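The next block is query33.csv, given as CSV, N, CA and C atoms.
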chain,number,residue,atom,x,y,z
A,1,MET,N,89.4,133.9,-24.6
A,1,MET,CA,89.1,134.9,-23.6
A,1,MET,C,89.3,134.3,-22.3
A,2,LYS,N,90.1,135.0,-21.4
A,2,LYS,CA,90.3,134.5,-20.1
A,2,LYS,C,89.1,134.9,-19.1
A,3,ARG,N,88.7,133.9,-18.3
A,3,ARG,CA,87.7,134.2,-17.4
A,3,ARG,C,88.3,134.2,-16.0
A,4,VAL,N,87.7,135.0,-15.1
A,4,VAL,CA,88.1,135.1,-13.7
A,4,VAL,C,87.8,133.9,-13.0
A,5,LYS,N,88.7,133.3,-12.3
A,5,LYS,CA,88.5,132.1,-11.4
A,5,LYS,C,88.3,132.7,-10.0
A,6,TRP,N,87.0,133.0,-9.7
A,6,TRP,CA,86.6,133.6,-8.4
A,6,TRP,C,87.2,133.0,-7.2
A,7,PRO,N,87.1,131.6,-7.0
A,7,PRO,CA,87.6,131.0,-5.8
A,7,PRO,C,89.1,131.3,-5.6
A,8,LEU,N,89.9,131.2,-6.7
A,8,LEU,CA,91.3,131.5,-6.6
A,8,LEU,C,91.6,132.9,-6.3
A,9,LEU,N,90.8,133.8,-6.9
A,9,LEU,CA,91.0,135.3,-6.6
A,9,LEU,C,90.7,135.5,-5.1
A,10,PHE,N,89.7,134.9,-4.6
A,10,PHE,CA,89.3,135.0,-3.2
A,10,PHE,C,90.4,134.6,-2.3
A,11,TYR,N,91.0,133.4,-2.6
A,11,TYR,CA,92.1,132.9,-1.8
A,11,TYR,C,93.3,133.8,-1.9
A,12,ALA,N,93.6,134.4,-3.0
A,12,ALA,CA,94.7,135.3,-3.2
A,12,ALA,C,94.5,136.6,-2.4
A,13,ILE,N,93.3,137.1,-2.4
A,13,ILE,CA,93.1,138.3,-1.6
A,13,ILE,C,93.2,138.1,-0.1
A,14,LEU,N,92.7,136.9,0.3
A,14,LEU,CA,92.8,136.6,1.7
A,14,LEU,C,94.3,136.4,2.2
A,15,ALA,N,95.1,135.7,1.3
A,15,ALA,CA,96.5,135.5,1.6
A,15,ALA,C,97.2,136.9,1.7
A,16,ALA,N,96.9,137.7,0.7
A,16,ALA,CA,97.5,139.1,0.8
A,16,ALA,C,97.2,139.8,2.0
A,17,ALA,N,95.9,139.7,2.4
A,17,ALA,CA,95.5,140.4,3.6
A,17,ALA,C,96.2,139.9,4.9
A,18,SER,N,96.4,138.6,4.9
A,18,SER,CA,97.1,137.9,6.0
A,18,SER,C,98.6,138.4,6.0
A,19,ILE,N,99.2,138.5,4.9
A,19,ILE,CA,100.6,139.0,4.8
A,19,ILE,C,100.6,140.5,5.3
A,20,ILE,N,99.7,141.3,4.9
A,20,ILE,CA,99.6,142.6,5.4
A,20,ILE,C,99.4,142.6,6.9
A,21,GLY,N,98.6,141.7,7.4
A,21,GLY,CA,98.4,141.5,8.9
A,21,GLY,C,99.7,141.2,9.6
A,22,ILE,N,100.6,140.5,9.0
A,22,ILE,CA,101.9,140.2,9.6
A,22,ILE,C,102.6,141.5,9.8
A,23,GLY,N,102.6,142.4,8.8
A,23,GLY,CA,103.3,143.6,8.9
A,23,GLY,C,102.7,144.5,10.0
A,24,ILE,N,101.4,144.5,10.1
A,24,ILE,CA,100.7,145.3,11.1
A,24,ILE,C,101.0,144.8,12.5
A,25,ALA,N,101.0,143.5,12.6
A,25,ALA,CA,101.3,142.9,13.9
A,25,ALA,C,102.7,143.2,14.3
A,26,ILE,N,103.7,143.2,13.4
A,26,ILE,CA,105.0,143.5,13.7
A,26,ILE,C,105.1,144.9,14.2
A,27,ALA,N,104.4,145.8,13.5
A,27,ALA,CA,104.4,147.2,13.9
A,27,ALA,C,103.8,147.5,15.3
A,28,GLU,N,102.8,146.6,15.6
A,28,GLU,CA,102.2,146.7,16.9
A,28,GLU,C,102.9,145.9,18.0
A,29,LYS,N,104.0,145.2,17.6
A,29,LYS,CA,104.8,144.4,18.5
A,29,LYS,C,104.0,143.3,19.2
A,30,SER,N,103.1,142.7,18.3
A,30,SER,CA,102.2,141.6,18.8
A,30,SER,C,102.7,140.3,18.3
A,31,LEU,N,103.3,139.5,19.2
A,31,LEU,CA,103.8,138.2,18.8
A,31,LEU,C,102.6,137.3,18.5
A,32,ILE,N,101.6,137.3,19.2
A,32,ILE,CA,100.4,136.5,18.9
A,32,ILE,C,99.8,136.8,17.6
A,33,GLY,N,99.8,138.1,17.2
A,33,GLY,CA,99.3,138.5,15.9
A,33,GLY,C,100.1,138.0,14.8
A,34,VAL,N,101.4,138.1,15.0
A,34,VAL,CA,102.4,137.6,13.9
A,34,VAL,C,102.2,136.2,13.7
A,35,ILE,N,102.2,135.4,14.8
A,35,ILE,CA,102.0,133.9,14.7
A,35,ILE,C,100.7,133.6,14.1
A,36,SER,N,99.6,134.2,14.5
A,36,SER,CA,98.3,133.9,13.9
A,36,SER,C,98.2,134.2,12.5
A,37,CYS,N,98.8,135.3,12.0
A,37,CYS,CA,98.8,135.7,10.6
A,37,CYS,C,99.6,134.7,9.8
A,38,ILE,N,100.8,134.3,10.3
A,38,ILE,CA,101.6,133.3,9.6
A,38,ILE,C,100.8,132.0,9.4
A,39,VAL,N,100.1,131.6,10.5
A,39,VAL,CA,99.3,130.3,10.4
A,39,VAL,C,98.2,130.5,9.4
A,40,ALA,N,97.6,131.7,9.4
A,40,ALA,CA,96.5,132.0,8.4
A,40,ALA,C,97.0,131.9,7.0
A,41,VAL,N,98.2,132.5,6.7
A,41,VAL,CA,98.8,132.5,5.4
A,41,VAL,C,99.0,131.1,4.9
A,42,ILE,N,99.6,130.3,5.8
A,42,ILE,CA,99.9,128.9,5.4
A,42,ILE,C,98.6,128.1,5.1
A,43,PHE,N,97.6,128.3,6.0
A,43,PHE,CA,96.3,127.6,5.8
A,43,PHE,C,95.6,128.1,4.5
A,44,ILE,N,95.6,129.4,4.3
A,44,ILE,CA,94.9,129.9,3.1
A,44,ILE,C,95.6,129.5,1.8
A,45,MET,N,96.9,129.6,1.8
A,45,MET,CA,97.6,129.2,0.6
A,45,MET,C,97.4,127.7,0.3
A,46,GLY,N,97.5,126.9,1.4
A,46,GLY,CA,97.2,125.5,1.2
A,46,GLY,C,95.8,125.2,0.6
A,47,MET,N,94.8,125.9,1.1
A,47,MET,CA,93.5,125.7,0.6
A,47,MET,C,93.4,126.2,-0.9
A,48,GLY,N,94.1,127.3,-1.2
A,48,GLY,CA,94.2,127.8,-2.6
A,48,GLY,C,94.8,126.8,-3.5
A,49,PHE,N,95.9,126.2,-3.1
A,49,PHE,CA,96.6,125.2,-4.0
A,49,PHE,C,95.7,123.9,-4.1
A,50,LYS,N,95.0,123.5,-3.0
A,50,LYS,CA,94.1,122.4,-3.1
A,50,LYS,C,93.0,122.6,-4.0
A,51,THR,N,92.4,123.8,-4.0
A,51,THR,CA,91.3,124.2,-4.9
A,51,THR,C,91.8,124.2,-6.3
A,52,LYS,N,93.0,124.8,-6.6
A,52,LYS,CA,93.5,124.8,-7.9
A,52,LYS,C,93.7,123.4,-8.5
A,53,LYS,N,94.2,122.5,-7.7
A,53,LYS,CA,94.4,121.1,-8.1
A,53,LYS,C,93.1,120.5,-8.4
A,54,ARG,N,92.1,120.7,-7.6
A,54,ARG,CA,90.8,120.1,-7.8
A,54,ARG,C,90.2,120.7,-9.1
A,55,MET,N,90.3,122.0,-9.4
A,55,MET,CA,89.8,122.6,-10.6
A,55,MET,C,90.5,122.1,-11.8
A,56,ARG,N,91.8,121.9,-11.7
A,56,ARG,CA,92.6,121.3,-12.8
A,56,ARG,C,92.2,119.9,-13.1
A,57,GLU,N,91.9,119.1,-12.1
A,57,GLU,CA,91.5,117.7,-12.3
A,57,GLU,C,90.1,117.6,-12.9
A,58,ASN,N,89.3,118.6,-12.6
A,58,ASN,CA,87.9,118.6,-13.1
A,58,ASN,C,87.8,119.3,-14.5
A,59,GLY,N,89.0,119.8,-15.0
A,59,GLY,CA,89.0,120.4,-16.3
A,59,GLY,C,88.5,121.9,-16.3
A,60,GLU,N,88.4,122.5,-15.1
A,60,GLU,CA,87.9,123.9,-15.0
A,60,GLU,C,89.0,124.9,-15.3
A,61,LEU,N,90.2,124.5,-15.4
A,61,LEU,CA,91.3,125.4,-15.7
A,61,LEU,C,91.8,125.1,-17.1
A,62,GLU,N,92.0,126.1,-17.9
A,62,GLU,CA,92.6,125.9,-19.3
A,62,GLU,C,94.0,125.6,-19.2
A,63,LYS,N,94.6,125.0,-20.2
A,63,LYS,CA,96.0,124.7,-20.2
A,63,LYS,C,96.8,125.9,-20.3
A,64,GLU,N,97.9,125.9,-19.5
A,64,GLU,CA,98.8,127.1,-19.5
A,64,GLU,C,99.9,126.9,-20.6
A,65,ALA,N,100.2,127.9,-21.3
A,65,ALA,CA,101.2,127.8,-22.4
A,65,ALA,C,102.6,127.6,-21.9
This entry written out as structure tokens:
Amino acid sequence: MKRVKWPLLFYAILAAASIIGIGIAIAEKSLIGVISCIVAVIFIMGMGFKTKKRMRENGELEKEA
């Protein structure tokens, strides 16, 4: 049975919200908004990959087929 990995889900939701923010900032013609959302996506995805690596090293993730 697969269990939900809450930290990874949290990072995925935040990254998706930041990507949506890029679209909203483009629609509002806000260069600062676009840049800040791009920086946020890069930061959040980096944290997500870092967390996934730590979870894999600690044996908290099951092997993928």
Problem - Residues near Ala17 in chain A, cut-off 8 Å, only N, CA and C atoms, skip fewer than 6 positions along chain, as an NGL selection string - result: :A and (11 or 23 or 37 or 41)
Handout entry: Shell around Phe43 in chain A at 12 Å using only C-alpha atoms, local window under 4 positions removed, as a PyMOL selection string
Key = chain A and resi 11-12+14-15+18+36-39+47-50
Using the selection just defined, write its residues with N, CA and C atoms as a CSV table (one decimal), in the coordinates of the input.
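That gives us again-v3.csv:
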chain,number,residue,atom,x,y,z
A,11,TYR,N,91.0,133.4,-2.6
A,11,TYR,CA,92.1,132.9,-1.8
A,11,TYR,C,93.3,133.8,-1.9
A,12,ALA,N,93.6,134.4,-3.0
A,12,ALA,CA,94.7,135.3,-3.2
A,12,ALA,C,94.5,136.6,-2.4
A,14,LEU,N,92.7,136.9,0.3
A,14,LEU,CA,92.8,136.6,1.7
A,14,LEU,C,94.3,136.4,2.2
A,15,ALA,N,95.1,135.7,1.3
A,15,ALA,CA,96.5,135.5,1.6
A,15,ALA,C,97.2,136.9,1.7
A,18,SER,N,96.4,138.6,4.9
A,18,SER,CA,97.1,137.9,6.0
A,18,SER,C,98.6,138.4,6.0
A,36,SER,N,99.6,134.2,14.5
A,36,SER,CA,98.3,133.9,13.9
A,36,SER,C,98.2,134.2,12.5
A,37,CYS,N,98.8,135.3,12.0
A,37,CYS,CA,98.8,135.7,10.6
A,37,CYS,C,99.6,134.7,9.8
A,38,ILE,N,100.8,134.3,10.3
A,38,ILE,CA,101.6,133.3,9.6
A,38,ILE,C,100.8,132.0,9.4
A,39,VAL,N,100.1,131.6,10.5
A,39,VAL,CA,99.3,130.3,10.4
A,39,VAL,C,98.2,130.5,9.4
A,47,MET,N,94.8,125.9,1.1
A,47,MET,CA,93.5,125.7,0.6
A,47,MET,C,93.4,126.2,-0.9
A,48,GLY,N,94.1,127.3,-1.2
A,48,GLY,CA,94.2,127.8,-2.6
A,48,GLY,C,94.8,126.8,-3.5
A,49,PHE,N,95.9,126.2,-3.1
A,49,PHE,CA,96.6,125.2,-4.0
A,49,PHE,C,95.7,123.9,-4.1
A,50,LYS,N,95.0,123.5,-3.0
A,50,LYS,CA,94.1,122.4,-3.1
A,50,LYS,C,93.0,122.6,-4.0
Handout entry: Between atom N of Ala40 in chain A and atom C of Asn58 in chain A - distance in Å to one decimal
Key = 28.7 Å
Exercise for the section: Just give me the gap between CA of Val34 in chain A and atom N of Ile22 in chain A in Å, one decimal is fine. Expected result: 6.0 Å
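Straight-line separation from CA of Arg3 in chain A to atom C of Leu61 in chain A: 10.0 Å.
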